[in-house]
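> Contents of input_31.txt (compact mmCIF, N, CA and C atoms) are given next:
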```txt
# COMPACT_ATOMS: atom_id res chain seq x y z
N MET A 1 -22.79 9.15 -1.75
CA MET A 1 -23.50 8.36 -0.77
C MET A 1 -24.94 8.17 -1.24
N GLN A 2 -25.45 6.98 -1.03
CA GLN A 2 -26.81 6.70 -1.43
C GLN A 2 -27.79 7.30 -0.43
N LYS A 3 -28.92 7.75 -0.94
CA LYS A 3 -29.93 8.37 -0.09
C LYS A 3 -31.22 7.59 -0.18
N TRP A 4 -31.84 7.35 0.97
CA TRP A 4 -33.09 6.61 1.02
C TRP A 4 -34.15 7.35 0.22
N GLY A 5 -34.89 6.65 -0.59
CA GLY A 5 -35.94 7.24 -1.39
C GLY A 5 -35.48 7.81 -2.71
N ILE A 6 -34.17 7.97 -2.90
CA ILE A 6 -33.66 8.52 -4.16
C ILE A 6 -32.93 7.43 -4.95
N ASP A 7 -31.83 6.94 -4.40
CA ASP A 7 -31.05 5.93 -5.12
C ASP A 7 -30.57 4.81 -4.21
N PHE A 8 -31.27 4.59 -3.10
CA PHE A 8 -30.80 3.62 -2.11
C PHE A 8 -30.73 2.21 -2.66
N TRP A 9 -31.65 1.82 -3.50
CA TRP A 9 -31.68 0.45 -4.00
C TRP A 9 -30.79 0.24 -5.22
N GLU A 10 -30.17 1.29 -5.72
CA GLU A 10 -29.26 1.14 -6.84
C GLU A 10 -27.93 0.59 -6.34
N THR A 11 -27.37 -0.31 -7.09
CA THR A 11 -26.08 -0.86 -6.72
C THR A 11 -25.08 -0.56 -7.83
N TYR A 12 -23.83 -0.63 -7.47
CA TYR A 12 -22.77 -0.35 -8.42
C TYR A 12 -21.89 -1.59 -8.48
N SER A 13 -21.64 -2.06 -9.65
CA SER A 13 -20.78 -3.22 -9.79
C SER A 13 -19.94 -3.08 -11.05
N LEU A 14 -18.65 -3.29 -10.87
CA LEU A 14 -17.76 -3.23 -12.02
C LEU A 14 -18.01 -4.45 -12.89
N VAL A 15 -18.17 -4.21 -14.16
CA VAL A 15 -18.36 -5.31 -15.10
C VAL A 15 -17.36 -5.16 -16.23
N VAL A 16 -17.06 -6.26 -16.84
CA VAL A 16 -16.12 -6.26 -17.94
C VAL A 16 -16.84 -6.76 -19.19
N ASN A 17 -16.47 -6.20 -20.29
CA ASN A 17 -16.99 -6.65 -21.56
C ASN A 17 -16.12 -7.83 -22.00
N TRP A 18 -16.71 -9.02 -22.07
CA TRP A 18 -15.93 -10.22 -22.36
C TRP A 18 -15.33 -10.22 -23.75
N ILE A 19 -15.91 -9.49 -24.68
CA ILE A 19 -15.30 -9.38 -26.01
C ILE A 19 -13.94 -8.68 -25.89
N THR A 20 -13.88 -7.67 -25.02
CA THR A 20 -12.63 -6.96 -24.79
C THR A 20 -11.59 -7.89 -24.18
N VAL A 21 -12.01 -8.68 -23.20
CA VAL A 21 -11.08 -9.61 -22.55
C VAL A 21 -10.55 -10.63 -23.55
N ARG A 22 -11.44 -11.20 -24.34
CA ARG A 22 -11.02 -12.19 -25.35
C ARG A 22 -10.06 -11.57 -26.37
N THR A 23 -10.38 -10.35 -26.79
CA THR A 23 -9.52 -9.67 -27.77
C THR A 23 -8.13 -9.44 -27.19
N LEU A 24 -8.06 -8.96 -25.95
CA LEU A 24 -6.76 -8.72 -25.33
C LEU A 24 -5.98 -10.02 -25.15
N MET A 25 -6.67 -11.09 -24.79
CA MET A 25 -5.99 -12.38 -24.63
C MET A 25 -5.49 -12.90 -25.98
N ALA A 26 -6.27 -12.69 -27.03
CA ALA A 26 -5.85 -13.11 -28.37
C ALA A 26 -4.62 -12.33 -28.82
N ILE A 27 -4.63 -11.02 -28.59
CA ILE A 27 -3.47 -10.19 -28.96
C ILE A 27 -2.24 -10.63 -28.19
N ALA A 28 -2.41 -10.91 -26.89
CA ALA A 28 -1.28 -11.37 -26.07
C ALA A 28 -0.75 -12.70 -26.59
N ALA A 29 -1.65 -13.61 -27.00
CA ALA A 29 -1.21 -14.91 -27.51
C ALA A 29 -0.48 -14.77 -28.85
N ILE A 30 -1.01 -13.92 -29.73
CA ILE A 30 -0.40 -13.72 -31.04
C ILE A 30 1.01 -13.16 -30.91
N HIS A 31 1.19 -12.20 -29.98
CA HIS A 31 2.48 -11.55 -29.81
C HIS A 31 3.34 -12.20 -28.73
N ASP A 32 2.90 -13.36 -28.25
CA ASP A 32 3.63 -14.12 -27.22
C ASP A 32 3.93 -13.24 -25.99
N LEU A 33 2.93 -12.49 -25.57
CA LEU A 33 3.06 -11.64 -24.37
C LEU A 33 2.52 -12.38 -23.16
N PRO A 34 3.14 -12.16 -22.01
CA PRO A 34 2.60 -12.81 -20.80
C PRO A 34 1.30 -12.13 -20.38
N ASN A 35 0.39 -12.89 -19.83
CA ASN A 35 -0.80 -12.26 -19.27
C ASN A 35 -0.95 -12.73 -17.84
N LEU A 36 -1.30 -11.81 -16.99
CA LEU A 36 -1.41 -12.06 -15.55
C LEU A 36 -2.82 -11.74 -15.08
N SER A 37 -3.25 -12.40 -14.06
CA SER A 37 -4.53 -12.07 -13.45
C SER A 37 -4.31 -11.82 -11.97
N ILE A 38 -5.15 -11.02 -11.40
CA ILE A 38 -5.04 -10.66 -9.99
C ILE A 38 -6.39 -10.94 -9.33
N ASP A 39 -6.33 -11.55 -8.18
CA ASP A 39 -7.54 -11.78 -7.38
C ASP A 39 -7.39 -10.98 -6.10
N PHE A 40 -8.21 -9.96 -5.93
CA PHE A 40 -8.17 -9.14 -4.74
C PHE A 40 -9.03 -9.81 -3.66
N VAL A 41 -8.39 -10.60 -2.81
CA VAL A 41 -9.11 -11.39 -1.82
C VAL A 41 -9.82 -10.49 -0.81
N LEU A 42 -9.14 -9.49 -0.33
CA LEU A 42 -9.72 -8.58 0.66
C LEU A 42 -9.89 -7.18 0.08
N ALA A 43 -10.55 -7.11 -1.05
CA ALA A 43 -10.68 -5.83 -1.74
C ALA A 43 -11.56 -4.85 -0.97
N PHE A 44 -12.78 -5.24 -0.66
CA PHE A 44 -13.72 -4.31 -0.05
C PHE A 44 -13.26 -3.76 1.30
N PRO A 45 -12.69 -4.58 2.18
CA PRO A 45 -12.28 -4.04 3.49
C PRO A 45 -11.13 -3.03 3.41
N GLN A 46 -10.53 -2.83 2.25
CA GLN A 46 -9.47 -1.84 2.11
C GLN A 46 -10.02 -0.42 1.92
N ALA A 47 -11.24 -0.32 1.45
CA ALA A 47 -11.81 0.98 1.08
C ALA A 47 -12.47 1.66 2.28
N GLU A 48 -12.21 2.94 2.40
CA GLU A 48 -12.85 3.75 3.44
C GLU A 48 -14.31 3.98 3.07
N LEU A 49 -15.13 4.13 4.08
CA LEU A 49 -16.53 4.47 3.85
C LEU A 49 -16.67 5.96 3.63
N ASP A 50 -17.62 6.34 2.80
CA ASP A 50 -17.87 7.76 2.56
C ASP A 50 -19.03 8.28 3.40
N ALA A 51 -19.50 7.46 4.32
CA ALA A 51 -20.62 7.84 5.19
C ALA A 51 -20.45 7.14 6.53
N ILE A 52 -21.17 7.59 7.52
CA ILE A 52 -21.17 6.92 8.82
C ILE A 52 -22.16 5.77 8.75
N VAL A 53 -21.67 4.55 9.01
CA VAL A 53 -22.50 3.36 8.90
C VAL A 53 -22.38 2.57 10.21
N TYR A 54 -23.54 2.18 10.74
CA TYR A 54 -23.58 1.33 11.93
C TYR A 54 -24.22 0.01 11.55
N MET A 55 -23.86 -1.05 12.28
CA MET A 55 -24.49 -2.34 12.07
C MET A 55 -24.71 -3.01 13.43
N GLU A 56 -25.69 -3.90 13.45
CA GLU A 56 -25.93 -4.67 14.67
C GLU A 56 -24.86 -5.74 14.79
N LEU A 57 -24.66 -6.23 16.01
CA LEU A 57 -23.72 -7.32 16.20
C LEU A 57 -24.17 -8.54 15.42
N PRO A 58 -23.23 -9.21 14.77
CA PRO A 58 -23.60 -10.43 14.04
C PRO A 58 -24.10 -11.50 15.01
N ILE A 59 -24.95 -12.37 14.52
CA ILE A 59 -25.48 -13.46 15.34
C ILE A 59 -24.32 -14.32 15.83
N GLY A 60 -24.33 -14.65 17.09
CA GLY A 60 -23.29 -15.48 17.68
C GLY A 60 -22.16 -14.70 18.30
N MET A 61 -22.03 -13.41 18.01
CA MET A 61 -20.99 -12.59 18.61
C MET A 61 -21.48 -12.07 19.94
N ASP A 62 -20.69 -12.25 20.96
CA ASP A 62 -21.10 -11.83 22.29
C ASP A 62 -20.09 -10.82 22.82
N VAL A 63 -20.57 -9.89 23.61
CA VAL A 63 -19.73 -8.87 24.21
C VAL A 63 -19.68 -9.11 25.71
N GLN A 64 -18.47 -9.15 26.25
CA GLN A 64 -18.34 -9.34 27.69
C GLN A 64 -18.82 -8.08 28.42
N HIS A 65 -19.35 -8.28 29.59
CA HIS A 65 -19.82 -7.19 30.45
C HIS A 65 -20.87 -6.34 29.75
N ARG A 66 -21.74 -6.99 29.05
CA ARG A 66 -22.80 -6.31 28.31
C ARG A 66 -23.78 -5.67 29.29
N VAL A 67 -24.00 -4.37 29.16
CA VAL A 67 -24.93 -3.66 30.02
C VAL A 67 -26.34 -3.76 29.48
N THR A 68 -26.46 -3.56 28.18
CA THR A 68 -27.77 -3.68 27.54
C THR A 68 -27.70 -4.75 26.47
N LYS A 69 -28.83 -5.12 25.97
CA LYS A 69 -28.91 -6.15 24.95
C LYS A 69 -28.55 -5.63 23.56
N ASP A 70 -28.75 -4.36 23.35
CA ASP A 70 -28.56 -3.78 22.02
C ASP A 70 -27.20 -3.08 21.90
N TYR A 71 -26.36 -3.62 21.03
CA TYR A 71 -25.08 -3.01 20.73
C TYR A 71 -25.03 -2.73 19.24
N LEU A 72 -24.37 -1.64 18.88
CA LEU A 72 -24.12 -1.32 17.48
C LEU A 72 -22.63 -1.19 17.27
N LEU A 73 -22.20 -1.53 16.08
CA LEU A 73 -20.81 -1.35 15.69
C LEU A 73 -20.73 -0.26 14.63
N ARG A 74 -19.80 0.66 14.80
CA ARG A 74 -19.57 1.67 13.77
C ARG A 74 -18.47 1.14 12.85
N LEU A 75 -18.77 1.11 11.58
CA LEU A 75 -17.81 0.58 10.60
C LEU A 75 -16.85 1.68 10.16
N ASN A 76 -15.57 1.35 10.12
CA ASN A 76 -14.56 2.28 9.62
C ASN A 76 -14.22 2.01 8.16
N LYS A 77 -14.43 0.78 7.73
CA LYS A 77 -14.11 0.38 6.37
C LYS A 77 -15.31 -0.33 5.76
N SER A 78 -15.30 -0.46 4.46
CA SER A 78 -16.36 -1.20 3.76
C SER A 78 -16.28 -2.67 4.13
N ILE A 79 -17.40 -3.33 4.11
CA ILE A 79 -17.44 -4.78 4.29
C ILE A 79 -18.30 -5.37 3.18
N TYR A 80 -18.12 -6.64 2.94
CA TYR A 80 -18.93 -7.31 1.93
C TYR A 80 -20.39 -7.27 2.37
N GLY A 81 -21.29 -6.99 1.46
CA GLY A 81 -22.71 -6.93 1.78
C GLY A 81 -23.26 -5.52 1.81
N LEU A 82 -22.40 -4.51 1.96
CA LEU A 82 -22.89 -3.13 1.90
C LEU A 82 -23.12 -2.74 0.45
N LYS A 83 -24.17 -1.98 0.22
CA LYS A 83 -24.46 -1.54 -1.14
C LYS A 83 -23.35 -0.65 -1.70
N GLN A 84 -22.69 0.10 -0.82
CA GLN A 84 -21.68 1.05 -1.26
C GLN A 84 -20.30 0.41 -1.47
N SER A 85 -20.11 -0.83 -1.07
CA SER A 85 -18.77 -1.43 -1.06
C SER A 85 -18.11 -1.46 -2.43
N SER A 86 -18.84 -1.84 -3.46
CA SER A 86 -18.25 -1.91 -4.80
C SER A 86 -17.79 -0.55 -5.28
N LEU A 87 -18.61 0.45 -5.07
CA LEU A 87 -18.25 1.80 -5.50
C LEU A 87 -17.06 2.32 -4.70
N ASN A 88 -17.04 2.08 -3.38
CA ASN A 88 -15.91 2.53 -2.56
C ASN A 88 -14.61 1.87 -3.01
N TRP A 89 -14.65 0.59 -3.32
CA TRP A 89 -13.46 -0.12 -3.79
C TRP A 89 -13.01 0.42 -5.14
N PHE A 90 -13.96 0.66 -6.05
CA PHE A 90 -13.61 1.21 -7.36
C PHE A 90 -12.95 2.58 -7.20
N ASN A 91 -13.50 3.42 -6.33
CA ASN A 91 -12.91 4.75 -6.11
C ASN A 91 -11.49 4.65 -5.55
N LEU A 92 -11.27 3.73 -4.62
CA LEU A 92 -9.94 3.53 -4.05
C LEU A 92 -8.96 3.06 -5.12
N LEU A 93 -9.38 2.09 -5.93
CA LEU A 93 -8.53 1.58 -7.00
C LEU A 93 -8.23 2.66 -8.04
N SER A 94 -9.23 3.43 -8.40
CA SER A 94 -9.04 4.52 -9.37
C SER A 94 -8.02 5.53 -8.89
N LYS A 95 -8.15 5.94 -7.63
CA LYS A 95 -7.21 6.92 -7.07
C LYS A 95 -5.79 6.35 -7.04
N ALA A 96 -5.66 5.07 -6.67
CA ALA A 96 -4.33 4.46 -6.62
C ALA A 96 -3.70 4.40 -8.01
N LEU A 97 -4.48 4.03 -9.03
CA LEU A 97 -3.95 3.95 -10.39
C LEU A 97 -3.57 5.34 -10.91
N GLN A 98 -4.38 6.34 -10.61
CA GLN A 98 -4.08 7.69 -11.06
C GLN A 98 -2.85 8.25 -10.34
N LYS A 99 -2.70 7.89 -9.07
CA LYS A 99 -1.54 8.35 -8.29
C LYS A 99 -0.24 7.77 -8.85
N LYS A 100 -0.31 6.57 -9.38
CA LYS A 100 0.87 5.91 -9.95
C LYS A 100 1.23 6.48 -11.32
N GLY A 101 0.44 7.45 -11.79
CA GLY A 101 0.74 8.07 -13.07
C GLY A 101 0.11 7.37 -14.25
N ARG A 102 -0.74 6.44 -14.01
CA ARG A 102 -1.42 5.74 -15.10
C ARG A 102 -2.52 6.63 -15.66
N ASP A 103 -2.73 6.56 -16.95
CA ASP A 103 -3.82 7.31 -17.57
C ASP A 103 -5.07 6.45 -17.48
N PHE A 104 -5.68 6.45 -16.31
CA PHE A 104 -6.81 5.58 -16.04
C PHE A 104 -8.11 6.38 -16.06
N ARG A 105 -9.00 5.99 -16.94
CA ARG A 105 -10.32 6.58 -16.99
C ARG A 105 -11.33 5.47 -17.22
N PRO A 106 -12.38 5.40 -16.39
CA PRO A 106 -13.37 4.35 -16.61
C PRO A 106 -14.15 4.61 -17.90
N SER A 107 -14.59 3.55 -18.53
CA SER A 107 -15.40 3.70 -19.73
C SER A 107 -16.77 4.19 -19.34
N LYS A 108 -17.46 4.77 -20.30
CA LYS A 108 -18.79 5.32 -20.00
C LYS A 108 -19.85 4.50 -20.67
```
Go through the file and emit its structure as structure tokens.


Amino acid sequence: MQKWGIDFWETYSLVVNWITVRTLMAIAAIHDLPNLSIDFVLAFPQAELDAIVYMELPIGMDVQHRVTKDYLLRLNKSIYGLKQSSLNWFNLLSKALQKKGRDFRPSK
């Protein structure tokens, strides 16, 4: 979990080395292997949060029978826009790949 004043402004984002991608695509083409791509449309909302996170109601969202003007929502899952979302998704994906018996280790 990120801590204010220590690493709060640091973000985590998975990146790929395009030379690696090109090399793998070339090898697949040479050996006539199929190549597939996956687009995870709802990737971030699948990952659990590793901290308690609250957010204000989005603009335009109204709550019926509102007693006060100030409402907060407690998030159960990551959402797009959180600094932790990329790391939470990567951790979820890593655990799933390791559980399937894949020898998955991120590069350093």

> Between atom CA of A:Trp18 and atom CA of A:Pro34, what is the spacing in Å?

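Going from atom CA of A:Pro34 over to atom CA of A:Trp18 covers 18.8 Å.
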
> Please list as a list in words every residue within 8 Å of A:Phe90, counting all atoms listed in the file and excluding residues in the same chain fewer than 5 positions away.

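Those residues are Leu14, Ala43, Phe44, Ala47, Gln84, Ser85, Lys95 and Ala96 of chain A.
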
> List every protein, DNA or RNA residue that has an atom no more than 12 Å from (-4.9, -14.2, -17.5) in the file's coordinate frame, counting only C-alpha atoms, and report them as a count of residues only.

14

> Go ahead and find all residues with at least one atom no further than 7 Å from (-26.3, -0.5, 13.2) in the file's coordinates, using all atoms listed in the file; report them as a list in words.

Val53, Tyr54, Met55, Glu56, Leu57, Tyr71, Leu72, Leu73 and Arg74 of chain A

> When you draw a straight line from atom CA of A:Asn17 to atom CA of A:Asp50, how long is it in Å?

28.1 Å

> Quick one: of A:Leu49, A:Leu92, A:Ile30, A:Val63, who's nearest to A:Ile79, counting all atoms listed in the file?

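Selected residue with least distance to A:Ile79: A:Leu49.
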
> Between atom C of A:Gly60 and atom CA of A:Leu87, what is the distance, to one decimal in Å?

29.2 Å

> Between A:Phe40, A:Pro45, A:Ile19, A:Asp32, single out the one closest to A:Ser78, counting all atoms listed in the file.

A:Pro45

> From the list A:Gly5, A:Leu82, A:Ile52, A:Pro58, which residue is nearest A:Asp70 when using only C-alpha atoms?

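Smallest distance to A:Asp70 is found for A:Pro58.
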